[in-house]
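J.: The structure is given below, and queries will be raised subsequently.
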Amino acid sequence: QVQLVESGGGLVQAGGSLRLSCAASRSIFSSSVMGWYRQAPGKQRELVAAFTRGGNTNYADSVKGRFTISRDNDKNTVYLQMNSLKPEDTAVYYCNAYDFLWSDTNYWGQGTQVTVSS
């Protein structure tokens, strides 16, 4: 079992920045693909950014050039640096870990609210 705890959400004006953090309860990076998703009111959850199994990164077109996913293996933590925020980035952001090696299981954090005012 893996627990994921997000932090760093909040209210920011358009053009501002936030950094989200996702701390995993144990070392999982070697067996899991990590990513960030978001869900806006009335919309489906969508991928924002993620690492691939090969260690590369994927981004949604809407955030390319503005958001950066990174990780600290020693701290079992994944980050999402969000710059040049827009009102349409407003959503609940979820950390995800897909354990492809041991359990074929998706783990989710509780979510953190990001609100961008215009």
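Following the order of the structure tokens, first chain is A, next is B, and so on, with residues numbered from 1 inside each chain and ligands from 1 in the order they appear.
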So that I can check the surroundings of Ile69 of chain A, please list as a PyMOL selection string every protein, DNA and RNA residue that reaches within 9 Å of it, counting only C-alpha atoms and ignoring chain neighbours fewer than 2 positions away.
T.: chain A and resi 35-36+49-51+57-59+67+71+78-82
J.: Give me a file of those residues, with N, CA, C and O atoms, as a PDB file, in the first residue's frame.
T.:
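The result, stored in again38.pdb:
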```pdb
ATOM      1  N   GLY A  35       2.743  10.797 -11.692  1.00  0.00           N
ATOM      2  CA  GLY A  35       2.201  11.879 -12.504  1.00  0.00           C
ATOM      3  C   GLY A  35       1.251  12.760 -11.725  1.00  0.00           C
ATOM      4  O   GLY A  35       0.907  12.466 -10.575  1.00  0.00           O
ATOM      5  N   TRP A  36       0.853  13.834 -12.368  1.00  0.00           N
ATOM      6  CA  TRP A  36      -0.127  14.769 -11.828  1.00  0.00           C
ATOM      7  C   TRP A  36      -1.327  14.831 -12.758  1.00  0.00           C
ATOM      8  O   TRP A  36      -1.154  14.914 -13.998  1.00  0.00           O
ATOM      9  N   ALA A  49       0.824  16.167 -16.206  1.00  0.00           N
ATOM     10  CA  ALA A  49       2.233  15.883 -16.453  1.00  0.00           C
ATOM     11  C   ALA A  49       2.578  14.551 -15.804  1.00  0.00           C
ATOM     12  O   ALA A  49       2.022  14.207 -14.756  1.00  0.00           O
ATOM     13  N   ALA A  50       3.500  13.826 -16.411  1.00  0.00           N
ATOM     14  CA  ALA A  50       3.871  12.535 -15.857  1.00  0.00           C
ATOM     15  C   ALA A  50       5.243  12.122 -16.340  1.00  0.00           C
ATOM     16  O   ALA A  50       5.711  12.592 -17.387  1.00  0.00           O
ATOM     17  N   PHE A  51       5.863  11.265 -15.554  1.00  0.00           N
ATOM     18  CA  PHE A  51       7.088  10.611 -15.991  1.00  0.00           C
ATOM     19  C   PHE A  51       6.716   9.339 -16.733  1.00  0.00           C
ATOM     20  O   PHE A  51       5.719   8.689 -16.416  1.00  0.00           O
ATOM     21  N   THR A  57       9.440  12.780 -19.700  1.00  0.00           N
ATOM     22  CA  THR A  57       8.258  13.454 -19.195  1.00  0.00           C
ATOM     23  C   THR A  57       7.252  13.706 -20.311  1.00  0.00           C
ATOM     24  O   THR A  57       7.626  13.904 -21.473  1.00  0.00           O
ATOM     25  N   ASN A  58       5.987  13.668 -19.932  1.00  0.00           N
ATOM     26  CA  ASN A  58       4.897  14.010 -20.840  1.00  0.00           C
ATOM     27  C   ASN A  58       4.087  15.138 -20.224  1.00  0.00           C
ATOM     28  O   ASN A  58       3.881  15.156 -19.010  1.00  0.00           O
ATOM     29  N   TYR A  59       3.618  16.034 -21.060  1.00  0.00           N
ATOM     30  CA  TYR A  59       2.801  17.140 -20.598  1.00  0.00           C
ATOM     31  C   TYR A  59       1.559  17.284 -21.467  1.00  0.00           C
ATOM     32  O   TYR A  59       1.595  17.037 -22.672  1.00  0.00           O
ATOM     33  N   PHE A  67       4.412  24.434 -17.066  1.00  0.00           N
ATOM     34  CA  PHE A  67       4.506  23.528 -15.920  1.00  0.00           C
ATOM     35  C   PHE A  67       5.723  22.619 -16.081  1.00  0.00           C
ATOM     36  O   PHE A  67       6.077  22.242 -17.202  1.00  0.00           O
ATOM     37  N   ARG A  71      11.265  15.389  -9.545  1.00  0.00           N
ATOM     38  CA  ARG A  71      11.176  14.488  -8.390  1.00  0.00           C
ATOM     39  C   ARG A  71      12.485  14.492  -7.629  1.00  0.00           C
ATOM     40  O   ARG A  71      13.555  14.771  -8.182  1.00  0.00           O
ATOM     41  N   VAL A  78       7.452  14.040  -5.464  1.00  0.00           N
ATOM     42  CA  VAL A  78       7.294  14.551  -6.824  1.00  0.00           C
ATOM     43  C   VAL A  78       6.740  15.966  -6.736  1.00  0.00           C
ATOM     44  O   VAL A  78       5.910  16.256  -5.876  1.00  0.00           O
ATOM     45  N   TYR A  79       7.209  16.817  -7.627  1.00  0.00           N
ATOM     46  CA  TYR A  79       6.795  18.217  -7.623  1.00  0.00           C
ATOM     47  C   TYR A  79       6.150  18.585  -8.950  1.00  0.00           C
ATOM     48  O   TYR A  79       6.408  17.973  -9.982  1.00  0.00           O
ATOM     49  N   LEU A  80       5.324  19.604  -8.886  1.00  0.00           N
ATOM     50  CA  LEU A  80       4.783  20.208 -10.092  1.00  0.00           C
ATOM     51  C   LEU A  80       4.938  21.717  -9.946  1.00  0.00           C
ATOM     52  O   LEU A  80       4.237  22.331  -9.155  1.00  0.00           O
ATOM     53  N   GLN A  81       5.886  22.260 -10.680  1.00  0.00           N
ATOM     54  CA  GLN A  81       6.073  23.709 -10.696  1.00  0.00           C
ATOM     55  C   GLN A  81       5.162  24.298 -11.758  1.00  0.00           C
ATOM     56  O   GLN A  81       5.239  23.909 -12.930  1.00  0.00           O
ATOM     57  N   MET A  82       4.302  25.201 -11.345  1.00  0.00           N
ATOM     58  CA  MET A  82       3.316  25.789 -12.250  1.00  0.00           C
ATOM     59  C   MET A  82       3.566  27.288 -12.351  1.00  0.00           C
ATOM     60  O   MET A  82       3.459  28.005 -11.349  1.00  0.00           O
TER      61      MET A  82
END
```
J.: Would you mind writing down, as JSON, numbers by chain, each residue of chain A that DSSP on the backbone assigns to helix (DSSP H, G or I)?
T.: {"A": [73, 74, 75, 87, 88, 89]}
J.: Between segment 45-102 of chain A and segment 106-110 of chain A, at 9 Å or less, what are the per-residue closest atom pairs and their distances in Å? Count only C-alpha atoms, order by chain and rising residue number, and return it as a Markdown table.
T.:
```
| residue | atom | partner | partner_atom | distance |
| --- | --- | --- | --- | --- |
| A:Tyr93 | CA | A:Gln110 | CA | 8.9 |
| A:Tyr94 | CA | A:Gly109 | CA | 5.8 |
| A:Cys95 | CA | A:Gly109 | CA | 5.3 |
| A:Asn96 | CA | A:Trp108 | CA | 4.8 |
| A:Ala97 | CA | A:Tyr107 | CA | 5.1 |
| A:Tyr98 | CA | A:Asn106 | CA | 4.4 |
| A:Asp99 | CA | A:Asn106 | CA | 6.4 |
| A:Phe100 | CA | A:Asn106 | CA | 8.8 |
```
J.: Would you mind exporting C-alpha atoms of the selected residues as a CSV table (one decimal), in the first residue's frame?
T.:
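Written file, again_13.csv:
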```
chain,number,residue,atom,x,y,z
A,93,TYR,CA,-4.8,18.5,-8.6
A,94,TYR,CA,-4.1,14.9,-7.8
A,95,CYS,CA,-0.9,13.0,-7.5
A,96,ASN,CA,-0.9,9.6,-9.1
A,97,ALA,CA,1.4,6.6,-8.8
A,98,TYR,CA,0.9,3.6,-11.0
A,99,ASP,CA,2.7,0.5,-9.7
A,100,PHE,CA,3.5,-1.4,-12.8
```
J.: For Ser21 of chain A, list every protein, DNA or RNA residue within 8 Å, evaluated using only C-alpha atoms, and leave out those in the same chain fewer than 2 positions away; present the list as a list in words.
T.: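 Using only C-alpha atoms, the neighbours found are Val5, Glu6, Ser7, Gly8, Arg19, Ala23, Thr77, Val78, Tyr79 and Leu80 of chain A.
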J.: So which residues of chain A fall under strand (DSSP E or B) by DSSP, listed as a PDB file with C-alpha atoms, in the first residue's frame?
T.:
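Result saved to states36.pdb:
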```pdb
ATOM      1  CA  LEU A   4       0.373   9.952  -1.404  1.00  0.00           C
ATOM      2  CA  VAL A   5       0.038  13.339   0.285  1.00  0.00           C
ATOM      3  CA  GLU A   6      -0.202  16.484  -1.806  1.00  0.00           C
ATOM      4  CA  SER A   7       0.466  20.008  -0.636  1.00  0.00           C
ATOM      5  CA  GLY A  10      -3.929  27.680  -2.973  1.00  0.00           C
ATOM      6  CA  LEU A  11      -5.293  30.864  -4.478  1.00  0.00           C
ATOM      7  CA  VAL A  12      -3.126  32.814  -6.892  1.00  0.00           C
ATOM      8  CA  GLN A  13      -3.670  35.578  -9.410  1.00  0.00           C
ATOM      9  CA  LEU A  18       2.641  27.675  -7.384  1.00  0.00           C
ATOM     10  CA  ARG A  19       4.608  24.545  -6.616  1.00  0.00           C
ATOM     11  CA  LEU A  20       2.769  21.381  -5.680  1.00  0.00           C
ATOM     12  CA  SER A  21       4.427  18.579  -3.755  1.00  0.00           C
ATOM     13  CA  CYS A  22       3.480  14.927  -3.496  1.00  0.00           C
ATOM     14  CA  ALA A  23       5.149  12.889  -0.781  1.00  0.00           C
ATOM     15  CA  ALA A  24       4.957   9.099  -1.035  1.00  0.00           C
ATOM     16  CA  SER A  32       5.917   3.170 -10.366  1.00  0.00           C
ATOM     17  CA  VAL A  33       5.116   5.795 -12.919  1.00  0.00           C
ATOM     18  CA  MET A  34       4.381   9.113 -11.210  1.00  0.00           C
ATOM     19  CA  GLY A  35       2.201  11.879 -12.504  1.00  0.00           C
ATOM     20  CA  TRP A  36      -0.127  14.769 -11.828  1.00  0.00           C
ATOM     21  CA  TYR A  37      -3.751  14.949 -12.888  1.00  0.00           C
ATOM     22  CA  ARG A  38      -6.396  17.592 -12.417  1.00  0.00           C
ATOM     23  CA  GLN A  39     -10.156  17.780 -12.361  1.00  0.00           C
ATOM     24  CA  GLU A  46      -7.124  14.786 -17.095  1.00  0.00           C
ATOM     25  CA  LEU A  47      -3.413  14.167 -17.211  1.00  0.00           C
ATOM     26  CA  VAL A  48      -1.305  17.258 -16.571  1.00  0.00           C
ATOM     27  CA  ALA A  49       2.233  15.883 -16.453  1.00  0.00           C
ATOM     28  CA  ALA A  50       3.871  12.535 -15.857  1.00  0.00           C
ATOM     29  CA  PHE A  51       7.088  10.611 -15.991  1.00  0.00           C
ATOM     30  CA  THR A  57       8.258  13.454 -19.195  1.00  0.00           C
ATOM     31  CA  ASN A  58       4.897  14.010 -20.840  1.00  0.00           C
ATOM     32  CA  TYR A  59       2.801  17.140 -20.598  1.00  0.00           C
ATOM     33  CA  PHE A  67       4.506  23.528 -15.920  1.00  0.00           C
ATOM     34  CA  THR A  68       7.441  21.325 -14.950  1.00  0.00           C
ATOM     35  CA  ILE A  69       7.327  17.962 -13.218  1.00  0.00           C
ATOM     36  CA  SER A  70      10.317  16.889 -11.184  1.00  0.00           C
ATOM     37  CA  ARG A  71      11.176  14.488  -8.390  1.00  0.00           C
ATOM     38  CA  ASP A  72      13.508  14.007  -5.466  1.00  0.00           C
ATOM     39  CA  THR A  77       8.603  13.379  -3.475  1.00  0.00           C
ATOM     40  CA  VAL A  78       7.294  14.551  -6.824  1.00  0.00           C
ATOM     41  CA  TYR A  79       6.795  18.217  -7.623  1.00  0.00           C
ATOM     42  CA  LEU A  80       4.783  20.208 -10.092  1.00  0.00           C
ATOM     43  CA  GLN A  81       6.073  23.709 -10.696  1.00  0.00           C
ATOM     44  CA  MET A  82       3.316  25.789 -12.250  1.00  0.00           C
ATOM     45  CA  ALA A  91      -8.927  22.557 -10.565  1.00  0.00           C
ATOM     46  CA  VAL A  92      -8.251  19.988  -7.912  1.00  0.00           C
ATOM     47  CA  TYR A  93      -4.824  18.535  -8.597  1.00  0.00           C
ATOM     48  CA  TYR A  94      -4.137  14.892  -7.807  1.00  0.00           C
ATOM     49  CA  CYS A  95      -0.900  13.020  -7.503  1.00  0.00           C
ATOM     50  CA  ASN A  96      -0.879   9.563  -9.060  1.00  0.00           C
ATOM     51  CA  ALA A  97       1.396   6.565  -8.785  1.00  0.00           C
ATOM     52  CA  TYR A  98       0.886   3.578 -11.028  1.00  0.00           C
ATOM     53  CA  ASP A  99       2.710   0.545  -9.687  1.00  0.00           C
ATOM     54  CA  THR A 105      -2.427  -0.629  -9.030  1.00  0.00           C
ATOM     55  CA  ASN A 106      -3.165   3.064  -9.304  1.00  0.00           C
ATOM     56  CA  TYR A 107      -2.685   5.083  -6.138  1.00  0.00           C
ATOM     57  CA  TRP A 108      -4.143   8.575  -5.701  1.00  0.00           C
ATOM     58  CA  THR A 112      -5.146  19.838  -3.515  1.00  0.00           C
ATOM     59  CA  GLN A 113      -7.188  22.791  -4.748  1.00  0.00           C
ATOM     60  CA  VAL A 114      -5.609  25.303  -7.100  1.00  0.00           C
ATOM     61  CA  THR A 115      -7.623  28.432  -7.815  1.00  0.00           C
ATOM     62  CA  VAL A 116      -6.410  31.061 -10.281  1.00  0.00           C
ATOM     63  CA  SER A 117      -8.219  34.377 -10.221  1.00  0.00           C
TER      64      SER A 117
END
```
J.: Return the single residue from A:Thr52, A:Ser17, A:Ser27, A:Ser84 that is closest to Val2 of chain A, with distances computed using only C-alpha atoms.
T.: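 That would be A:Ser27, the residue with the smallest distance to Val2 of chain A.
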J.: Counting only C-alpha atoms, which residue out of A:Ile28, A:Glu88, A:Asn73, A:Gly16 sits closest to Trp102 of chain A?
T.: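 That would be A:Ile28, the residue with the smallest distance to Trp102 of chain A.
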J.: Work out how far atom CA of Asp89 of chain A is from atom CA of Ser62 of chain A, in Å to one decimal.
T.: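 Rounded to one decimal, the two atoms are 9.0 Å apart.
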J.: Counting only C-alpha atoms, figure out which residue out of A:Arg53, A:Ala40, A:Gln1, A:Asn83 gets nearest to Gly65 of chain A.
T.: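 Checking each of A:Arg53, A:Ala40, A:Gln1, A:Asn83 against Gly65 of chain A, counting only C-alpha atoms, the winner is A:Asn83.
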